[in-house]
>>> print(open('query19.txt').read())   # compact mmCIF, C-alpha atoms and all ligand atoms
# COMPACT_ATOMS: atom_id res chain seq x y z
CA MET J 1 78.58 18.76 -3.34
CA LYS J 2 75.50 17.42 -5.11
CA ARG J 3 72.76 15.30 -3.64
CA VAL J 4 70.25 12.97 -5.30
CA ASP J 5 67.56 15.63 -5.02
CA ASP J 6 69.50 17.81 -7.48
CA PHE J 7 68.61 15.30 -10.21
CA ARG J 8 65.31 14.21 -11.71
CA LEU J 9 64.29 11.08 -13.60
CA ARG J 10 62.24 12.06 -16.65
CA PHE J 11 59.63 10.03 -18.46
CA GLY J 12 58.33 12.32 -21.21
CA LYS J 13 57.23 15.54 -19.52
CA ASN J 14 56.97 14.00 -16.07
CA GLU J 15 59.71 14.22 -13.47
CA TYR J 16 60.38 11.97 -10.50
CA VAL J 17 62.84 11.76 -7.64
CA PRO J 18 65.40 9.43 -9.28
CA ILE J 19 65.03 6.67 -6.69
CA MET J 20 63.37 3.36 -7.48
CA VAL J 21 62.79 0.88 -4.70
CA GLY J 22 63.44 -2.48 -6.36
CA GLY J 23 61.05 -5.40 -6.51
CA MET J 24 61.67 -8.00 -3.81
CA GLY J 25 59.68 -11.20 -4.04
CA VAL J 26 57.86 -12.88 -2.39
CA ASP J 27 56.05 -9.84 -1.00
CA ILE J 28 59.19 -8.48 0.65
CA SER J 29 58.64 -5.24 -1.29
CA THR J 30 55.06 -4.92 -0.11
CA SER J 31 52.43 -2.57 -1.45
CA GLU J 32 53.01 -0.43 1.65
CA LEU J 33 56.70 -0.04 0.80
CA ALA J 34 56.07 0.72 -2.86
CA LEU J 35 53.31 3.19 -1.96
CA GLU J 36 55.70 5.12 0.29
CA ALA J 37 58.22 5.48 -2.55
CA ALA J 38 55.45 6.74 -4.84
CA ARG J 39 54.08 9.11 -2.20
CA LEU J 40 57.53 10.64 -1.82
CA GLY J 41 57.78 11.26 -5.56
CA GLY J 42 59.91 8.27 -6.55
CA ILE J 43 59.06 4.86 -7.95
CA GLY J 44 58.14 1.82 -5.88
CA HIS J 45 57.99 -1.78 -7.03
CA ILE J 46 55.73 -4.54 -5.92
CA SER J 47 56.49 -8.06 -7.14
CA ASP J 48 54.11 -10.56 -8.69
CA ALA J 49 56.10 -13.58 -7.47
CA MET J 50 53.72 -16.23 -6.07
CA VAL J 51 50.86 -13.80 -6.53
CA GLU J 52 48.16 -16.35 -5.71
CA ASP J 53 49.69 -16.90 -2.29
CA VAL J 54 50.11 -13.16 -1.80
CA SER J 55 46.44 -12.67 -2.69
CA ASP J 56 45.38 -15.36 -0.20
CA ARG J 57 47.23 -13.60 2.57
CA LYS J 58 46.04 -10.13 1.69
CA PHE J 59 42.50 -10.72 0.53
CA ASP J 60 41.54 -13.98 2.18
CA THR J 61 41.15 -15.75 -1.17
CA SER J 62 41.80 -19.49 -1.32
CA PHE J 63 43.82 -19.96 -4.51
CA VAL J 64 46.54 -22.08 -2.88
CA LYS J 65 44.16 -24.23 -0.84
CA ASP J 66 42.01 -24.92 -3.89
CA LYS J 67 45.02 -25.79 -6.04
CA THR J 68 46.41 -28.11 -3.36
CA LYS J 69 43.05 -29.88 -3.14
CA LEU J 70 42.80 -30.25 -6.90
CA TYR J 71 46.26 -31.80 -7.30
CA LYS J 72 46.57 -33.65 -3.99
CA PHE J 73 46.53 -36.97 -5.85
CA ASN J 74 49.88 -36.08 -7.43
CA ILE J 75 51.88 -35.23 -4.30
CA ASN J 76 53.96 -38.42 -4.33
CA ASN J 77 54.50 -38.35 -8.08
CA SER J 78 57.79 -36.83 -9.23
CA ASP J 79 56.24 -35.92 -12.59
CA LYS J 80 54.53 -32.59 -11.95
CA SER J 81 53.39 -31.88 -15.51
CA VAL J 82 49.69 -32.14 -14.59
CA VAL J 83 50.00 -29.38 -11.99
CA GLN J 84 48.92 -26.49 -14.17
CA PHE J 85 47.96 -22.95 -13.20
CA ASP J 86 44.40 -21.99 -13.99
CA LEU J 87 44.97 -18.83 -16.02
CA GLU J 88 41.66 -17.20 -15.02
CA ARG J 89 42.53 -17.58 -11.38
CA LEU J 90 46.07 -16.36 -11.94
CA ALA J 91 44.74 -13.24 -13.65
CA ASP J 92 42.24 -12.75 -10.83
CA ALA J 93 45.00 -12.87 -8.19
CA GLN J 94 47.20 -10.50 -10.20
CA ARG J 95 44.39 -7.99 -10.65
CA ARG J 96 43.55 -8.07 -6.95
CA HIS J 97 47.15 -7.54 -5.84
CA ILE J 98 47.88 -4.77 -8.31
CA GLY J 99 44.43 -3.20 -8.34
CA ALA J 100 44.38 -2.76 -4.55
CA THR J 101 47.87 -1.24 -4.63
CA MET J 102 47.00 1.22 -7.37
CA ALA J 103 43.76 2.21 -5.62
CA ALA J 104 45.78 3.18 -2.54
CA LYS J 105 48.31 5.28 -4.44
CA LYS J 106 48.91 8.85 -3.31
CA GLY J 107 51.43 11.43 -4.45
CA ASP J 108 53.27 12.08 -7.68
CA GLY J 109 55.38 8.95 -7.98
CA LEU J 110 54.77 5.68 -9.76
CA ILE J 111 54.13 2.04 -8.89
CA PHE J 112 55.74 -0.64 -11.04
CA VAL J 113 55.53 -4.42 -10.80
CA ASN J 114 58.57 -6.68 -11.06
CA CYS J 115 57.83 -9.69 -13.31
CA MET J 116 60.44 -12.46 -13.31
CA GLU J 117 60.65 -14.63 -16.41
CA LYS J 118 62.26 -17.42 -14.41
CA LEU J 119 58.91 -18.05 -12.76
CA THR J 120 58.13 -20.53 -15.50
CA MET J 121 55.04 -21.91 -13.73
CA ASN J 122 54.69 -25.15 -15.74
CA GLY J 123 53.68 -23.11 -18.80
CA PRO J 124 56.15 -20.26 -19.29
CA ARG J 125 54.52 -18.42 -22.17
CA GLU J 126 50.88 -18.46 -21.20
CA THR J 127 51.40 -17.77 -17.51
CA LEU J 128 53.69 -14.84 -18.29
CA ARG J 129 51.20 -13.53 -20.87
CA THR J 130 48.47 -13.73 -18.24
CA ARG J 131 50.55 -11.99 -15.57
CA LEU J 132 51.63 -9.14 -17.86
CA ASN J 133 48.21 -8.45 -19.33
CA ALA J 134 46.44 -8.70 -15.97
CA ALA J 135 48.95 -6.20 -14.56
CA LEU J 136 48.09 -3.77 -17.37
CA ASP J 137 44.35 -4.40 -16.84
CA ALA J 138 44.74 -3.53 -13.17
CA GLY J 139 46.23 -0.13 -14.03
CA ILE J 140 49.86 -0.67 -13.06
CA ASP J 141 52.01 2.35 -13.96
CA GLY J 142 54.84 0.20 -15.27
CA ILE J 143 56.27 -3.31 -15.59
CA THR J 144 59.90 -4.20 -14.94
CA LEU J 145 60.89 -7.39 -16.76
CA SER J 146 63.44 -9.23 -14.63
CA ALA J 147 65.25 -12.54 -13.99
CA GLY J 148 65.46 -13.70 -17.58
CA LEU J 149 66.14 -12.45 -21.09
CA HIS J 150 62.48 -11.69 -21.94
CA PHE J 151 62.94 -12.09 -25.68
CA GLY J 152 59.23 -12.58 -26.26
CA SER J 153 57.73 -10.63 -23.37
CA PHE J 154 56.84 -7.41 -25.21
CA ALA J 155 55.05 -9.45 -27.87
CA LEU J 156 52.96 -11.15 -25.18
CA MET J 157 51.32 -7.82 -24.31
CA ALA J 158 51.48 -6.10 -27.72
CA ASP J 159 47.70 -6.34 -28.21
CA HIS J 160 46.88 -4.78 -24.88
CA PRO J 161 45.40 -1.26 -25.19
CA ARG J 162 47.94 0.00 -22.61
CA PHE J 163 51.00 -1.53 -24.32
CA ARG J 164 52.29 1.83 -25.56
CA GLU J 165 51.10 3.90 -22.60
CA ALA J 166 52.37 1.96 -19.55
CA LYS J 167 56.06 2.27 -18.75
CA LEU J 168 57.88 -0.94 -19.66
CA GLY J 169 61.46 -1.63 -18.63
CA ILE J 170 63.99 -4.43 -18.63
CA ILE J 171 66.72 -5.43 -16.18
CA VAL J 172 70.05 -6.36 -17.79
CA SER J 173 73.53 -7.01 -16.49
CA SER J 174 75.47 -6.48 -19.74
CA VAL J 175 75.43 -4.61 -23.04
CA ARG J 176 75.06 -7.93 -24.79
CA ALA J 177 71.84 -8.83 -22.97
CA LEU J 178 70.39 -5.44 -23.91
CA GLN J 179 71.45 -5.79 -27.54
CA ILE J 180 69.72 -9.15 -27.85
CA PHE J 181 66.58 -7.86 -26.13
CA LEU J 182 66.38 -4.89 -28.50
CA ARG J 183 66.98 -7.06 -31.55
CA LYS J 184 64.36 -9.62 -30.56
CA ASN J 185 61.78 -6.89 -29.97
CA ALA J 186 62.66 -4.63 -32.90
CA LYS J 187 59.66 -5.55 -35.04
CA LEU J 188 57.23 -4.25 -32.41
CA ASP J 189 58.47 -0.68 -32.89
CA ARG J 190 58.36 -0.12 -29.15
CA LEU J 191 61.50 0.57 -27.17
CA PRO J 192 61.71 0.05 -23.42
CA ASP J 193 60.94 3.22 -21.45
CA TYR J 194 63.81 2.51 -19.07
CA ILE J 195 66.64 0.06 -18.60
CA ILE J 196 67.85 -1.09 -15.21
CA VAL J 197 71.47 -2.20 -15.12
CA GLU J 198 71.90 -4.54 -12.19
CA GLY J 199 75.43 -5.23 -11.01
CA PRO J 200 76.85 -8.15 -9.04
CA LEU J 201 76.22 -6.76 -5.52
CA ALA J 202 72.41 -6.87 -5.73
CA GLY J 203 70.08 -9.06 -3.71
CA GLY J 204 68.02 -11.91 -5.11
CA HIS J 205 69.18 -13.77 -8.21
CA LEU J 206 72.26 -12.45 -9.99
CA GLY J 207 72.61 -11.98 -13.74
CA PHE J 208 76.20 -13.28 -13.48
CA GLY J 209 77.91 -16.61 -12.96
CA MET J 210 79.86 -17.59 -9.86
CA ASP J 211 82.54 -15.20 -11.19
CA TRP J 212 80.25 -12.31 -10.18
CA ALA J 213 83.05 -10.68 -8.15
CA ASP J 214 84.95 -9.95 -11.37
CA TYR J 215 82.27 -7.47 -12.49
CA ASP J 216 81.72 -3.88 -11.49
CA LEU J 217 78.46 -1.94 -11.69
CA MET J 218 80.07 1.37 -12.63
CA ALA J 219 82.03 -0.24 -15.47
CA ILE J 220 78.91 -1.92 -16.89
CA THR J 221 76.92 1.30 -16.47
CA LEU J 222 79.49 3.25 -18.47
CA GLU J 223 79.52 0.58 -21.19
CA LEU J 224 75.74 0.72 -21.45
CA LEU J 225 75.72 4.52 -21.54
CA ALA J 226 78.27 4.48 -24.34
CA TYR J 227 76.25 1.89 -26.25
CA LEU J 228 73.00 3.87 -25.89
CA LYS J 229 74.76 7.03 -27.06
CA ALA J 230 76.36 5.31 -30.05
CA GLU J 231 72.96 3.93 -31.07
CA SER J 232 71.25 7.32 -30.45
CA LEU J 233 68.90 5.63 -28.02
CA ASP J 234 67.48 8.12 -25.53
CA ILE J 235 66.39 5.63 -22.86
CA PRO J 236 66.86 6.37 -19.14
CA LEU J 237 69.37 4.01 -17.55
CA ILE J 238 68.87 3.14 -13.88
CA ALA J 239 71.81 1.70 -11.92
CA ALA J 240 71.22 -0.99 -9.27
CA GLY J 241 73.19 -3.16 -6.89
CA GLY J 242 75.25 -2.01 -3.93
CA ILE J 243 74.24 1.67 -3.98
CA PHE J 244 74.14 2.16 -0.24
CA THR J 245 74.28 5.93 0.35
CA GLY J 246 73.01 9.06 -1.33
CA SER J 247 76.60 9.82 -2.33
CA ASP J 248 76.94 6.42 -4.01
CA ALA J 249 73.80 7.30 -5.96
CA VAL J 250 75.15 10.73 -6.93
CA ARG J 251 78.25 9.09 -8.43
CA PHE J 252 76.01 7.13 -10.81
CA LEU J 253 73.80 10.14 -11.58
CA GLU J 254 76.85 12.28 -12.34
CA ALA J 255 78.18 9.53 -14.61
CA GLY J 256 74.99 9.76 -16.67
CA ALA J 257 72.54 7.32 -15.08
CA ALA J 258 68.99 8.69 -14.95
CA GLY J 259 68.23 7.09 -11.59
CA VAL J 260 69.16 4.39 -9.14
CA GLN J 261 67.33 1.29 -7.97
CA VAL J 262 67.89 0.35 -4.35
CA ALA J 263 66.55 -2.37 -2.10
CA THR J 264 68.82 -3.61 0.71
CA ARG J 265 68.47 -0.47 2.84
CA PHE J 266 64.69 -0.95 2.82
CA THR J 267 64.79 -4.52 4.16
CA ILE J 268 64.84 -3.22 7.73
CA THR J 269 61.98 -0.78 7.33
CA ASN J 270 58.62 -1.24 9.01
CA GLU J 271 56.95 -1.40 5.58
CA CYS J 272 59.13 -4.29 4.33
CA GLY J 273 57.32 -7.64 4.29
CA LEU J 274 59.97 -9.68 6.10
CA PRO J 275 58.95 -10.83 9.58
CA ALA J 276 60.43 -8.71 12.39
CA LYS J 277 62.71 -11.55 13.52
CA VAL J 278 64.15 -11.94 10.04
CA LYS J 279 64.79 -8.19 9.81
CA GLN J 280 66.95 -8.58 12.92
CA GLU J 281 68.88 -11.40 11.19
CA TYR J 282 69.59 -9.03 8.30
CA VAL J 283 70.69 -6.11 10.41
CA LYS J 284 72.89 -8.25 12.64
CA ALA J 285 74.66 -10.01 9.75
CA THR J 286 78.41 -9.62 9.35
CA GLU J 287 80.27 -9.69 6.05
CA ASP J 288 81.15 -13.37 6.58
CA ASP J 289 77.49 -14.26 6.97
CA ILE J 290 76.67 -13.31 3.37
CA ILE J 291 77.25 -15.85 0.61
CA VAL J 292 76.45 -16.41 -3.05
CA ASN J 293 75.50 -19.98 -3.87
CA GLY J 294 73.82 -22.15 -6.49
CA ILE J 295 70.93 -23.58 -4.49
CA SER J 296 68.23 -21.75 -6.44
CA PRO J 297 66.59 -24.21 -8.85
CA THR J 298 66.52 -21.42 -11.45
CA GLY J 299 70.21 -22.01 -12.17
CA TYR J 300 71.09 -18.39 -11.35
CA PRO J 301 73.46 -17.70 -8.45
CA MET J 302 71.67 -16.16 -5.49
CA ARG J 303 72.96 -14.12 -2.57
CA MET J 304 71.70 -14.98 0.90
CA LEU J 305 72.52 -15.17 4.58
CA LYS J 306 74.48 -18.28 5.44
CA SER J 307 72.13 -18.99 8.34
CA THR J 308 69.04 -19.13 6.13
CA PRO J 309 66.81 -22.12 6.97
CA ALA J 310 66.48 -22.81 3.22
CA ILE J 311 69.99 -24.28 3.05
CA GLY J 312 69.95 -28.02 3.62
CA ALA J 313 66.23 -28.25 4.36
CA GLY J 314 65.01 -31.42 2.66
CA ILE J 315 61.30 -30.68 2.58
CA ARG J 316 58.95 -32.43 0.18
CA PRO J 317 58.54 -30.35 -3.00
CA GLY J 318 55.50 -28.11 -2.66
CA CYS J 319 54.57 -28.01 -6.36
CA GLU J 320 50.93 -29.06 -5.95
CA SER J 321 50.37 -25.93 -3.87
CA TYR J 322 52.84 -23.57 -5.54
CA GLY J 323 54.77 -24.80 -8.59
CA TYR J 324 56.15 -21.41 -9.66
CA LEU J 325 59.50 -22.85 -10.74
CA LEU J 326 58.24 -25.80 -12.74
CA ASP J 327 59.62 -25.57 -16.25
CA ALA J 328 57.69 -26.18 -19.47
CA THR J 329 57.87 -29.93 -18.87
CA GLY J 330 56.79 -29.83 -15.23
CA ASN J 331 60.25 -30.28 -13.76
CA CYS J 332 62.24 -28.36 -11.15
CA ALA J 333 65.88 -28.97 -10.22
CA TYR J 334 64.89 -29.30 -6.57
CA ILE J 335 62.63 -32.28 -7.28
CA ASN J 336 65.58 -34.17 -8.77
CA SER J 337 67.84 -33.35 -5.81
CA TYR J 338 65.16 -34.26 -3.30
CA ASN J 339 64.40 -37.59 -4.99
CA ARG J 340 68.10 -38.40 -5.17
CA GLU J 341 68.49 -37.91 -1.41
CA VAL J 342 65.33 -39.87 -0.61
CA ALA J 343 66.60 -42.78 -2.73
CA ALA J 344 70.03 -42.62 -1.06
CA HIS J 345 68.56 -42.55 2.48
CA PRO J 346 65.38 -44.65 2.33
CA ASN J 347 65.02 -45.00 6.11
CA GLU J 348 65.87 -41.42 6.97
CA LYS J 349 63.07 -39.19 8.27
CA ASN J 350 64.99 -35.93 8.03
CA ILE J 351 66.21 -35.61 4.48
CA VAL J 352 69.01 -33.10 3.89
CA VAL J 353 69.34 -31.52 0.45
CA MET J 354 72.37 -29.27 0.10
CA ASP J 355 72.68 -28.52 -3.62
CA LYS J 356 69.19 -27.10 -4.32
CA THR J 357 66.34 -25.65 -2.31
CA CYS J 358 62.56 -25.68 -2.57
CA LEU J 359 62.50 -21.98 -3.37
CA CYS J 360 58.72 -21.57 -3.57
CA THR J 361 58.02 -22.94 -0.10
CA HIS J 362 61.00 -21.23 1.51
CA MET J 363 60.41 -17.83 -0.08
CA ARG J 364 56.74 -18.07 0.78
CA ASN J 365 57.58 -18.75 4.42
CA PHE J 366 60.30 -16.05 4.49
CA ASN J 367 62.84 -18.80 5.12
CA CYS J 368 65.13 -18.03 2.20
CA TRP J 369 66.96 -14.95 3.39
CA THR J 370 68.17 -13.51 0.13
CA CYS J 371 69.95 -10.21 0.59
CA GLY J 372 72.25 -7.65 -1.00
CA HIS J 373 76.02 -7.68 -0.60
CA TYR J 374 76.03 -4.68 1.74
CA THR J 375 73.50 -6.14 4.17
CA TYR J 376 76.34 -6.21 6.69
CA ARG J 377 76.36 -2.40 6.68
CA LEU J 378 72.72 -2.10 7.76
CA LYS J 379 73.79 -1.87 11.39
CA ASP J 380 75.41 1.48 10.53
CA THR J 381 72.00 2.85 9.51
CA THR J 382 70.15 2.56 12.83
CA HIS J 383 70.45 2.29 16.63
CA ARG J 384 71.04 -0.78 18.71
CA LYS J 385 68.60 -1.11 21.58
CA PRO J 386 69.61 -2.17 25.11
CA ASP J 387 68.14 -5.66 24.49
CA GLY J 388 70.54 -6.16 21.57
CA ASP J 389 67.96 -5.80 18.80
CA TYR J 390 68.10 -2.93 16.34
CA GLN J 391 65.50 -0.22 15.86
CA LEU J 392 63.61 -0.59 12.58
CA LEU J 393 63.30 2.39 10.27
CA SER J 394 60.50 4.00 8.32
CA ALA J 395 60.67 3.74 4.54
CA GLU J 396 60.32 7.51 4.45
CA HIS J 397 63.45 7.91 6.57
CA VAL J 398 65.51 5.67 4.25
CA PHE J 399 64.10 7.22 1.08
CA LYS J 400 64.85 10.75 2.30
CA ASP J 401 68.32 9.75 3.43
CA TYR J 402 69.08 8.65 -0.13
CA GLN J 403 67.46 11.81 -1.48
CA PHE J 404 69.16 14.41 0.69
CA SER J 405 72.36 13.00 2.16
CA VAL J 406 75.81 14.26 1.17
CA ASP J 407 79.38 13.29 1.94
CA ASN J 408 78.71 9.55 2.23
CA GLN J 409 76.75 10.23 5.38
CA ILE J 410 73.93 8.07 6.64
CA ALA J 411 71.29 9.81 8.76
CA LEU J 412 70.34 7.87 11.86
CA PRO J 413 66.67 7.89 12.89
CA GLU J 414 65.39 9.53 16.04
CA LYS J 415 65.79 7.09 18.90
CA GLU J 416 62.53 5.35 19.80
CA PHE J 417 63.74 3.94 23.10
C1 LIG J 501 65.63 -9.24 -0.22
C2 LIG J 501 65.75 -8.96 -1.69
C3 LIG J 501 64.92 -9.60 -2.58
C4 LIG J 501 65.01 -9.33 -3.95
N1 LIG J 501 64.15 -9.93 -4.81
C5 LIG J 501 64.15 -9.61 -6.12
C6 LIG J 501 63.18 -10.15 -7.00
O1 LIG J 501 62.28 -10.91 -6.59
N2 LIG J 501 63.26 -9.83 -8.33
C7 LIG J 501 64.22 -8.97 -8.79
O2 LIG J 501 64.25 -8.68 -9.99
N3 LIG J 501 65.14 -8.42 -7.97
C8 LIG J 501 65.11 -8.71 -6.65
N4 LIG J 501 66.01 -8.12 -5.81
C9 LIG J 501 66.95 -7.12 -6.35
C10 LIG J 501 66.47 -5.67 -6.09
O3 LIG J 501 65.27 -5.40 -6.73
C11 LIG J 501 67.50 -4.59 -6.48
O4 LIG J 501 67.66 -4.46 -7.86
C12 LIG J 501 68.88 -4.74 -5.87
O5 LIG J 501 68.90 -5.50 -4.70
C13 LIG J 501 69.46 -3.36 -5.60
O6 LIG J 501 70.67 -3.44 -4.92
P1 LIG J 501 70.79 -3.13 -3.34
O7 LIG J 501 69.97 -4.18 -2.67
O8 LIG J 501 72.24 -3.26 -3.07
O9 LIG J 501 70.26 -1.75 -3.08
C14 LIG J 501 65.94 -8.39 -4.43
C15 LIG J 501 66.78 -7.74 -3.51
C16 LIG J 501 66.70 -8.01 -2.16
C17 LIG J 501 67.60 -7.28 -1.20
>>> encode(input="query19.txt", output="structure tokens")
Amino acid sequence: MKRVDDFRLRFGKNEYVPIMVGGMGVDISTSELALEAARLGGIGHISDAMVEDVSDRKFDTSFVKDKTKLYKFNINNSDKSVVQFDLERLADAQRRHIGATMAAKKGDGLIFVNCMEKLTMNGPRETLRTRLNAALDAGIDGITLSAGLHFGSFALMADHPRFREAKLGIIVSSVRALQIFLRKNAKLDRLPDYIIVEGPLAGGHLGFGMDWADYDLMAITLELLAYLKAESLDIPLIAAGGIFTGSDAVRFLEAGAAGVQVATRFTITNECGLPAKVKQEYVKATEDDIIVNGISPTGYPMRMLKSTPAIGAGIRPGCESYGYLLDATGNCAYINSYNREVAAHPNEKNIVVMDKTCLCTHMRNFNCWTCGHYTYRLKDTTHRKPDGDYQLLSAEHVFKDYQFSVDNQIALPEKEF
């Protein structure tokens, strides 16, 4: 019986353990987590979601405080179009976050950054251009384009000296999305270096509608492999979403995938950015606790724990401080929902908003507990302590379990109590 370690992911002449740890914003896939994947010979992702806030926390910068001060006058105005990102400062934050990660890199693996298009930041084109180019400036090994169709994203970095050297990949959930991406980028004569096919069981935003349960990752993977073959496109395909054991991964590698991207298993590692209490919420969750809903203002369905504080919390929109989901006209679906509830309950102190959530503030505070479908199986991957909490794992333990396990087995860690 084969194990993941019998396979290698190839980029040109270089070979890697075919395990990518997926990007999890906001700073859930920390530099520490990504660095462990790279040290062990695989690929780790950091995320550039809310990078100014991440920089403030890591490097004691004051991007958020300064922005809040600058736009304080607008807090009670529902028109947020004035709340613009300063592109110099955005680039500065991006370079700090990525530069520090790359400087700490050890081992033969790679560090990629996950860049979501749906972070439209009140200026979709220019903020994305800034993020992508600053990531290349800072020496990132690769960029994974996610949460969006990214029709113009390659063009935004085409003039960068590293455009043809850095690894650039795209996340898709269908052959059609890939076809359109390739067509829109054809004139640049630069194919993606890898394609991640993300199925409906992943964490975060889903590339499907509320009919997500009708789709199957293996079926989409096989369709994409057939398409790539028919078009003579030799691009590694990485499968993601619900791959919980090494044996699950082997099934995709044997079917022709070049690697797997995994995330959920790493949410209860010491290196993951979630607070310890939230990690316990994840590991204790049962199948019934995990839902897919439409509260993300992006319009994409999102999977999360039912008990997440983000559901129903009617906080004032935090756009003057954050504003990562403001569209090109300075609007966000949450602002509309919030204003509707305020107008309907003028004397109410505690506003409840059920249909949308203030994703920036809640993700930033680790109060939107987005998770993968198989989060309810995390309790099978570790020990329960006498006090009822579960032992956290090391990223190395989880990575190696994917790499070496056979027979659908999950290796438990050595007991620490
Ligand atoms: C907590 C969490 C947060 C995530 N955040 C993001 C994100 O910000 N951007 C993104 O493209 N994918 C995100 N994902 C998806 C993962 O990168 C990955 O592709 C997917 O979850 C893999 O499936 P698995 O979790 O079943 O292993 C997230 C996943 C989880 C579990």
>>> closest_residue(input="query19.txt", among="J:Lys284, J:Arg131, J:Arg95, J:Lys118", to="ligand LIG 501 (chain J)", atoms="all atoms listed in the file")
J:Lys118
>>> residues_around(input="query19.txt", residues="J:Gly207", least_positions_apart="6", cutoff="12 Å", atoms="all atoms listed in the file", output="list in words")
Lys118, Ser146, Ala147, Gly148, Leu149, Ile171, Val172, Ser173, Ser174, Ala177, Ile196, Val197, Glu198, Gly199, Pro200, Leu201, Ala213, Tyr215, Leu217, Ala240, Gly241, Thr298, Gly299, Tyr300, Pro301, Met302 and Arg303 of chain J
>>> atom_distance(input="query19.txt", atom1="atom CA of J:Asp56", atom2="atom CA of J:Thr130")
18.4 Å
>>> residues_near_ligand(input="query19.txt", ligand="ligand LIG 501 (chain J)", cutoff="6 Å", atoms="all atoms listed in the file", output="PDB file with C-alpha atoms, in the coordinates of the input")
ATOM      1  CA  GLY J  22      63.440  -2.480  -6.360  1.00  0.00           C
ATOM      2  CA  GLY J  23      61.050  -5.400  -6.510  1.00  0.00           C
ATOM      3  CA  MET J  24      61.670  -8.000  -3.810  1.00  0.00           C
ATOM      4  CA  GLY J  25      59.680 -11.200  -4.040  1.00  0.00           C
ATOM      5  CA  SER J 146      63.440  -9.230 -14.630  1.00  0.00           C
ATOM      6  CA  ALA J 147      65.250 -12.540 -13.990  1.00  0.00           C
ATOM      7  CA  LEU J 201      76.220  -6.760  -5.520  1.00  0.00           C
ATOM      8  CA  ALA J 202      72.410  -6.870  -5.730  1.00  0.00           C
ATOM      9  CA  GLY J 203      70.080  -9.060  -3.710  1.00  0.00           C
ATOM     10  CA  GLY J 204      68.020 -11.910  -5.110  1.00  0.00           C
ATOM     11  CA  ALA J 240      71.220  -0.990  -9.270  1.00  0.00           C
ATOM     12  CA  GLY J 241      73.190  -3.160  -6.890  1.00  0.00           C
ATOM     13  CA  GLY J 242      75.250  -2.010  -3.930  1.00  0.00           C
ATOM     14  CA  ILE J 243      74.240   1.670  -3.980  1.00  0.00           C
ATOM     15  CA  GLN J 261      67.330   1.290  -7.970  1.00  0.00           C
ATOM     16  CA  VAL J 262      67.890   0.350  -4.350  1.00  0.00           C
ATOM     17  CA  ALA J 263      66.550  -2.370  -2.100  1.00  0.00           C
ATOM     18  CA  THR J 264      68.820  -3.610   0.710  1.00  0.00           C
ATOM     19  CA  THR J 370      68.170 -13.510   0.130  1.00  0.00           C
ATOM     20  CA  CYS J 371      69.950 -10.210   0.590  1.00  0.00           C
ATOM     21  CA  GLY J 372      72.250  -7.650  -1.000  1.00  0.00           C
TER      22      GLY J 372
END
>>> atom_distance(input="query19.txt", atom1="atom CA of J:Cys368", atom2="atom CA of J:Ile143")
24.7 Å
>>> atom_distance(input="query19.txt", atom1="atom CA of J:Lys67", atom2="atom CA of J:Ser321")
5.8 Å
>>> closest_residue(input="query19.txt", among="J:Met116, J:Ala93, J:Leu132, J:Ala230", to="J:Leu325", atoms="all atoms listed in the file")
J:Met116
>>> residues_around(input="query19.txt", residues="J:Lys106", least_positions_apart="3", cutoff="10 Å", atoms="all atoms listed in the file", output="list in words")
Leu35, Glu36, Ala37, Ala38, Arg39, Leu40, Gly41, Met102, Ala103, Gly109 and Leu110 of chain J
